[in-house]
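What follows is a set of notes on a single structure, which appears directly below.
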Amino acid sequence: MTDMSPWSKNFLSKANPKSVASCILSGIWLDYIWETYLCFRQFSLTRSAKEMPRNIAEITTPEIYTLSRLYHMDQMKLGFAKDLFALTVSTAIIRHGILAKVWALSERITPFRGEIGTTWMWSVIFTTGSTFIYLPFTLYETFVLENKYGFNNIPFEIFLTDIIITLIFLHILNLPAYAVFISLVKLSGDKVGLVLWLLSTLALLGLTATFPTLIDPMDGSFTPLPEGKLKDDIEQLARTVGFPLGGIYIKDSSQRTSHANAYFAGMFGSKRIVLYDTLLTICTPNEILAILCHEFGHWKHKHIAARIVAFQIYLILTISMYSWTYRWPTLYQAMGFPIGVEPVLIGLMVLTSLVMVPINSIATCLLNTLSRHQEYQADQFAVQFGKANDLIGALKQLHKGNLADLVYDPLYVSWYHSHPPIAERIEALRQK
Ligand SMILES: [Zn+2]
């Protein structure tokens, strides 16, 4: 986006491929050590907290508390194995120049000539390969872990078909997307940052505008909420807070998962409310109204706009880094590419999924901090409309269904959690 300072230009031209590779690898390792340390803190706290803490007693029963602990310990054990595996894969990719080797292979076997065709073939091999090497973890999580705790409702055939269909669609859509991206980068020259920013912002706006009415209901799982007291009450509440209600829908989610939720969508003018059918079965009508009042709080405080601004800052940082590095030969050589081979899309992938690992991690932590603050604000909005007790009831119900973790290491929460711990939310709701 912005022009580079002479200092950074000088720095980039002097760096050698070996030290650049080591630098990227150090960032990935440092991030791994830090995140594993945080997970280890949370894991040991969960393991040792066999006695149910006093503030948890009203939220759940000792049986569910124990189940929640065991569920999270199982999840974290899987997480430790998966993270270590991912670290090994990233290290091997950098140390053995695997990206460049796959590139050379793609060049030989691609049906379409040129950088666009080779990039597409490269992505077919890479995406399919990584889906399958991580498949044992996904299978274990879905069919062993989630099954053990009664969360998984998805049959194996649907699971496998979902993966294959997603991959096929992805590969078909990738070809024109890559063609547009690569041609744009090549044509934009020095204006590449500005062009990419405009394009991604337009795409994001388009997606946000069409998501609630076109994309989200595409799987046919939406039905309007039937006429009745609940619908009347929701409309009444929307009128009271001034929410521009455009429709209330139930999303059939129990087919695939039993985690419960509700949200609103729509950019300008009227907005749709979507309730997961699982929410309707576990919460009372008053509790559902309290959850919606919390959602209205997000709308009233313009939380989506704040998230968009935060995301724009991250987007501008990423695009600026890309415009500084996409024509930087040393970066490609550090990944094992021969001199003169600088495929622009691979440059973007190297930047976002290897170079920026520590930055992405810090950005996620900052976004989570913003999100936790917004959750407290939305809760307080529900309190203003006299919904504190119903919201407490709803939170307890949602917790039971979700087996959300109950013991928290504060450092772990501040890094990873987008929502404040349930016990702290209840306490804050009671204080007002
Ligand atoms: Zn919320």
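Every chain in the structure tokens takes a letter, A first, then B, and so on in the order presented; its residues are numbered from 1, and the ligands are numbered from 1 following the presented order.
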Environment of ligand 1 within 7 Å, counting only C-alpha atoms and all ligand atoms, reported as a PDB file with N, CA and C atoms, in the first residue's frame:
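Contents of the output file out-v9.pdb:
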ATOM      1  N   HIS A 294     -29.515  -9.722  23.674  1.00  0.00           N
ATOM      2  CA  HIS A 294     -28.050  -9.650  23.635  1.00  0.00           C
ATOM      3  C   HIS A 294     -27.594  -9.399  22.183  1.00  0.00           C
ATOM      4  N   GLU A 295     -28.183 -10.115  21.230  1.00  0.00           N
ATOM      5  CA  GLU A 295     -27.835  -9.911  19.809  1.00  0.00           C
ATOM      6  C   GLU A 295     -28.172  -8.475  19.379  1.00  0.00           C
ATOM      7  N   HIS A 298     -25.473  -6.150  20.250  1.00  0.00           N
ATOM      8  CA  HIS A 298     -24.375  -6.116  19.266  1.00  0.00           C
ATOM      9  C   HIS A 298     -24.699  -5.136  18.140  1.00  0.00           C
ATOM     10  N   GLU A 375     -18.891  -8.638  23.993  1.00  0.00           N
ATOM     11  CA  GLU A 375     -19.849  -9.565  24.625  1.00  0.00           C
ATOM     12  C   GLU A 375     -20.375  -8.973  25.929  1.00  0.00           C
ATOM     13  N   ALA A 378     -22.852  -6.237  25.048  1.00  0.00           N
ATOM     14  CA  ALA A 378     -24.149  -6.764  24.583  1.00  0.00           C
ATOM     15  C   ALA A 378     -24.936  -7.334  25.763  1.00  0.00           C
TER      16      ALA A 378
END
Among listed residues A:Leu167, A:Val407, A:Ile426, A:Ile98, nearest A:Ala49 (using only C-alpha atoms):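 With only C-alpha atoms as the atom set, the closest residue is A:Val407.
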Which of A:Phe126, A:Tyr276, A:Trp103, A:Tyr65 sits closest to A:Gly336 [using only C-alpha atoms]: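 Smallest distance to A:Gly336 is found for A:Trp103.
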Could you give me, as a VMD selection string, the residues within 12 Å of A:Leu87, counting only C-alpha atoms and dropping anything in the same chain fewer than 3 positions from it? chain A and resid 25 to 33 35 to 36 80 to 84 90 to 95 354 357
Any chance you could export the current selection's C-alpha atoms as an mmCIF file, in the first residue's frame?
data_model
loop_
_atom_site.group_PDB
_atom_site.id
_atom_site.type_symbol
_atom_site.label_atom_id
_atom_site.label_comp_id
_atom_site.auth_asym_id
_atom_site.auth_seq_id
_atom_site.Cartn_x
_atom_site.Cartn_y
_atom_site.Cartn_z
ATOM 1 C CA LEU A 25 11.189 -20.788 10.778
ATOM 2 C CA SER A 26 12.121 -19.064 14.056
ATOM 3 C CA GLY A 27 8.861 -17.099 13.946
ATOM 4 C CA ILE A 28 6.876 -20.321 13.483
ATOM 5 C CA TRP A 29 8.758 -22.096 16.286
ATOM 6 C CA LEU A 30 8.441 -19.163 18.690
ATOM 7 C CA ASP A 31 4.715 -19.023 18.032
ATOM 8 C CA TYR A 32 4.465 -22.799 18.586
ATOM 9 C CA ILE A 33 6.371 -22.615 21.893
ATOM 10 C CA GLU A 35 0.924 -21.323 22.162
ATOM 11 C CA THR A 36 1.926 -24.720 23.527
ATOM 12 C CA PHE A 80 -1.070 -30.997 21.164
ATOM 13 C CA ALA A 81 -0.607 -33.835 18.645
ATOM 14 C CA LYS A 82 -2.025 -31.812 15.752
ATOM 15 C CA ASP A 83 0.082 -28.715 16.525
ATOM 16 C CA LEU A 84 3.268 -30.774 16.740
ATOM 17 C CA SER A 90 5.949 -26.458 8.157
ATOM 18 C CA THR A 91 9.570 -27.155 9.126
ATOM 19 C CA ALA A 92 9.871 -29.842 6.429
ATOM 20 C CA ILE A 93 8.273 -27.519 3.834
ATOM 21 C CA ILE A 94 10.827 -24.786 4.537
ATOM 22 C CA ARG A 95 13.897 -26.961 5.129
ATOM 23 C CA LEU A 354 4.418 -19.009 6.983
ATOM 24 C CA VAL A 357 2.334 -16.880 11.616
#
Which one of A:Ile133, A:Ala209, A:Pro421, A:Lys231 sits closest to A:Leu292 if you count only C-alpha atoms?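 That would be A:Lys231, the residue with the smallest distance to A:Leu292.
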Using only C-alpha atoms, which residues sit within 8 Å of A:Ser418 once same-chain residues fewer than 5 positions away are excluded, as a list in words?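 Skipping anything fewer than 5 positions along the chain leaves Leu367, Asn368, Thr369, Ser371 and Arg372 of chain A.
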Name the residues in contact with A:Leu279 at a cut-off of 8 Å, using only C-alpha atoms, excluding same-chain residues fewer than 5 positions from it; report them as number ranges by chain. A: 260-262, 288, 398
List as a ChimeraX atom specification the protein and nucleic acid residues near stretch 316-329 of chain A, meaning an atom at most 9 Å away when only C-alpha atoms are counted, but skip any in the same chain fewer than 5 places from it. /A:1-4,9,12-13,17,190-194,196-197,311,334,339-345,347-348,351-352,356
For those residues, write N, CA and C atoms to a file as a PDB file, in the first residue's frame.
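The resulting selection_31.pdb:
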ATOM      1  N   MET A   1       0.834  -1.202   0.000  1.00  0.00           N
ATOM      2  CA  MET A   1       0.000   0.000   0.000  1.00  0.00           C
ATOM      3  C   MET A   1       0.868   1.252   0.000  1.00  0.00           C
ATOM      4  N   THR A   2       1.774   1.328   0.991  1.00  0.00           N
ATOM      5  CA  THR A   2       2.620   2.518   1.068  1.00  0.00           C
ATOM      6  C   THR A   2       3.994   2.189   0.493  1.00  0.00           C
ATOM      7  N   ASP A   3       4.699   3.245   0.101  1.00  0.00           N
ATOM      8  CA  ASP A   3       6.055   3.014  -0.403  1.00  0.00           C
ATOM      9  C   ASP A   3       6.972   2.625   0.728  1.00  0.00           C
ATOM     10  N   MET A   4       7.933   1.763   0.399  1.00  0.00           N
ATOM     11  CA  MET A   4       8.852   1.317   1.440  1.00  0.00           C
ATOM     12  C   MET A   4       9.898   2.368   1.720  1.00  0.00           C
ATOM     13  N   LYS A   9      14.145  -1.138   2.118  1.00  0.00           N
ATOM     14  CA  LYS A   9      14.558  -1.585   0.789  1.00  0.00           C
ATOM     15  C   LYS A   9      15.968  -2.148   0.853  1.00  0.00           C
ATOM     16  N   LEU A  12      15.982  -5.505   2.723  1.00  0.00           N
ATOM     17  CA  LEU A  12      15.478  -6.615   1.920  1.00  0.00           C
ATOM     18  C   LEU A  12      16.493  -7.043   0.864  1.00  0.00           C
ATOM     19  N   SER A  13      17.210  -6.057   0.261  1.00  0.00           N
ATOM     20  CA  SER A  13      18.125  -6.440  -0.812  1.00  0.00           C
ATOM     21  C   SER A  13      19.385  -7.111  -0.279  1.00  0.00           C
ATOM     22  N   PRO A  17      19.043 -15.840   1.261  1.00  0.00           N
ATOM     23  CA  PRO A  17      17.930 -16.798   1.367  1.00  0.00           C
ATOM     24  C   PRO A  17      17.983 -17.678   2.614  1.00  0.00           C
ATOM     25  N   ASP A 190       3.392  -1.194  -9.692  1.00  0.00           N
ATOM     26  CA  ASP A 190       3.633  -0.573  -8.386  1.00  0.00           C
ATOM     27  C   ASP A 190       2.353  -0.300  -7.603  1.00  0.00           C
ATOM     28  N   LYS A 191       1.212  -0.346  -8.308  1.00  0.00           N
ATOM     29  CA  LYS A 191      -0.063  -0.045  -7.636  1.00  0.00           C
ATOM     30  C   LYS A 191      -0.698  -1.313  -7.059  1.00  0.00           C
ATOM     31  N   VAL A 192       0.060  -2.404  -6.995  1.00  0.00           N
ATOM     32  CA  VAL A 192      -0.521  -3.688  -6.613  1.00  0.00           C
ATOM     33  C   VAL A 192      -1.252  -3.635  -5.263  1.00  0.00           C
ATOM     34  N   GLY A 193      -0.685  -2.923  -4.297  1.00  0.00           N
ATOM     35  CA  GLY A 193      -1.293  -2.835  -2.964  1.00  0.00           C
ATOM     36  C   GLY A 193      -2.674  -2.207  -3.026  1.00  0.00           C
ATOM     37  N   LEU A 194      -2.748  -1.078  -3.719  1.00  0.00           N
ATOM     38  CA  LEU A 194      -4.014  -0.352  -3.809  1.00  0.00           C
ATOM     39  C   LEU A 194      -5.071  -1.197  -4.528  1.00  0.00           C
ATOM     40  N   LEU A 196      -5.222  -4.512  -4.890  1.00  0.00           N
ATOM     41  CA  LEU A 196      -5.638  -5.663  -4.081  1.00  0.00           C
ATOM     42  C   LEU A 196      -6.554  -5.234  -2.944  1.00  0.00           C
ATOM     43  N   TRP A 197      -6.254  -4.081  -2.350  1.00  0.00           N
ATOM     44  CA  TRP A 197      -7.080  -3.620  -1.231  1.00  0.00           C
ATOM     45  C   TRP A 197      -8.493  -3.288  -1.710  1.00  0.00           C
ATOM     46  N   PHE A 311     -10.638  -5.553  11.123  1.00  0.00           N
ATOM     47  CA  PHE A 311     -10.200  -6.448  10.048  1.00  0.00           C
ATOM     48  C   PHE A 311      -9.516  -5.670   8.930  1.00  0.00           C
ATOM     49  N   ALA A 334      14.503 -18.489  -0.652  1.00  0.00           N
ATOM     50  CA  ALA A 334      14.488 -19.063   0.696  1.00  0.00           C
ATOM     51  C   ALA A 334      13.574 -20.278   0.745  1.00  0.00           C
ATOM     52  N   ILE A 339      16.562 -19.220  -9.127  1.00  0.00           N
ATOM     53  CA  ILE A 339      16.580 -17.782  -9.444  1.00  0.00           C
ATOM     54  C   ILE A 339      15.700 -17.524 -10.670  1.00  0.00           C
ATOM     55  N   GLY A 340      14.869 -16.505 -10.576  1.00  0.00           N
ATOM     56  CA  GLY A 340      14.017 -16.137 -11.716  1.00  0.00           C
ATOM     57  C   GLY A 340      12.626 -16.736 -11.645  1.00  0.00           C
ATOM     58  N   VAL A 341      12.399 -17.739 -10.760  1.00  0.00           N
ATOM     59  CA  VAL A 341      11.043 -18.297 -10.615  1.00  0.00           C
ATOM     60  C   VAL A 341      10.380 -17.654  -9.399  1.00  0.00           C
ATOM     61  N   GLU A 342       9.415 -16.767  -9.670  1.00  0.00           N
ATOM     62  CA  GLU A 342       8.753 -16.038  -8.570  1.00  0.00           C
ATOM     63  C   GLU A 342       7.242 -16.033  -8.775  1.00  0.00           C
ATOM     64  N   PRO A 343       6.591 -17.207  -8.609  1.00  0.00           N
ATOM     65  CA  PRO A 343       5.133 -17.234  -8.814  1.00  0.00           C
ATOM     66  C   PRO A 343       4.407 -16.391  -7.765  1.00  0.00           C
ATOM     67  N   VAL A 344       3.609 -15.409  -8.242  1.00  0.00           N
ATOM     68  CA  VAL A 344       3.077 -14.398  -7.325  1.00  0.00           C
ATOM     69  C   VAL A 344       2.101 -14.958  -6.283  1.00  0.00           C
ATOM     70  N   LEU A 345       1.316 -15.979  -6.665  1.00  0.00           N
ATOM     71  CA  LEU A 345       0.345 -16.500  -5.697  1.00  0.00           C
ATOM     72  C   LEU A 345       1.034 -17.309  -4.603  1.00  0.00           C
ATOM     73  N   GLY A 347       3.917 -16.603  -3.537  1.00  0.00           N
ATOM     74  CA  GLY A 347       4.455 -15.533  -2.682  1.00  0.00           C
ATOM     75  C   GLY A 347       3.437 -15.134  -1.621  1.00  0.00           C
ATOM     76  N   LEU A 348       2.170 -15.009  -2.051  1.00  0.00           N
ATOM     77  CA  LEU A 348       1.113 -14.617  -1.116  1.00  0.00           C
ATOM     78  C   LEU A 348       0.901 -15.712  -0.059  1.00  0.00           C
ATOM     79  N   LEU A 351       3.713 -15.755   2.420  1.00  0.00           N
ATOM     80  CA  LEU A 351       3.584 -14.629   3.350  1.00  0.00           C
ATOM     81  C   LEU A 351       2.517 -14.904   4.408  1.00  0.00           C
ATOM     82  N   THR A 352       1.296 -15.275   3.951  1.00  0.00           N
ATOM     83  CA  THR A 352       0.188 -15.375   4.902  1.00  0.00           C
ATOM     84  C   THR A 352       0.261 -16.620   5.781  1.00  0.00           C
ATOM     85  N   MET A 356       3.788 -14.801   8.219  1.00  0.00           N
ATOM     86  CA  MET A 356       2.940 -14.028   9.139  1.00  0.00           C
ATOM     87  C   MET A 356       2.395 -14.831  10.314  1.00  0.00           C
TER      88      MET A 356
END
Counting only C-alpha atoms, the residue of A:Met73, A:His373, A:Trp122, A:Leu406 that sits nearest A:Met52: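 Looking only at the distances to A:Met52, the closest residue turns out to be A:Leu406.
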Which polymer residues have any atom within 10 Å of an atom of A:Ala310, counting only C-alpha atoms, with same-chain residues fewer than 5 positions away left out, as a ChimeraX atom specification? /A:304-305,315,363,366-367,370
Stretch 102-332 of chain A: which residues are alpha helix (DSSP H) by DSSP, as an MDAnalysis selection string? chainID A and resid 102:109 114:133 135:139 146:148 156:188 192:210 229:241 277:282 285:300 303:325 329:332
Using Å and a single decimal, report how far atom CA of A:Ser270 sits from atom CA of A:Gly242. 11.2 Å
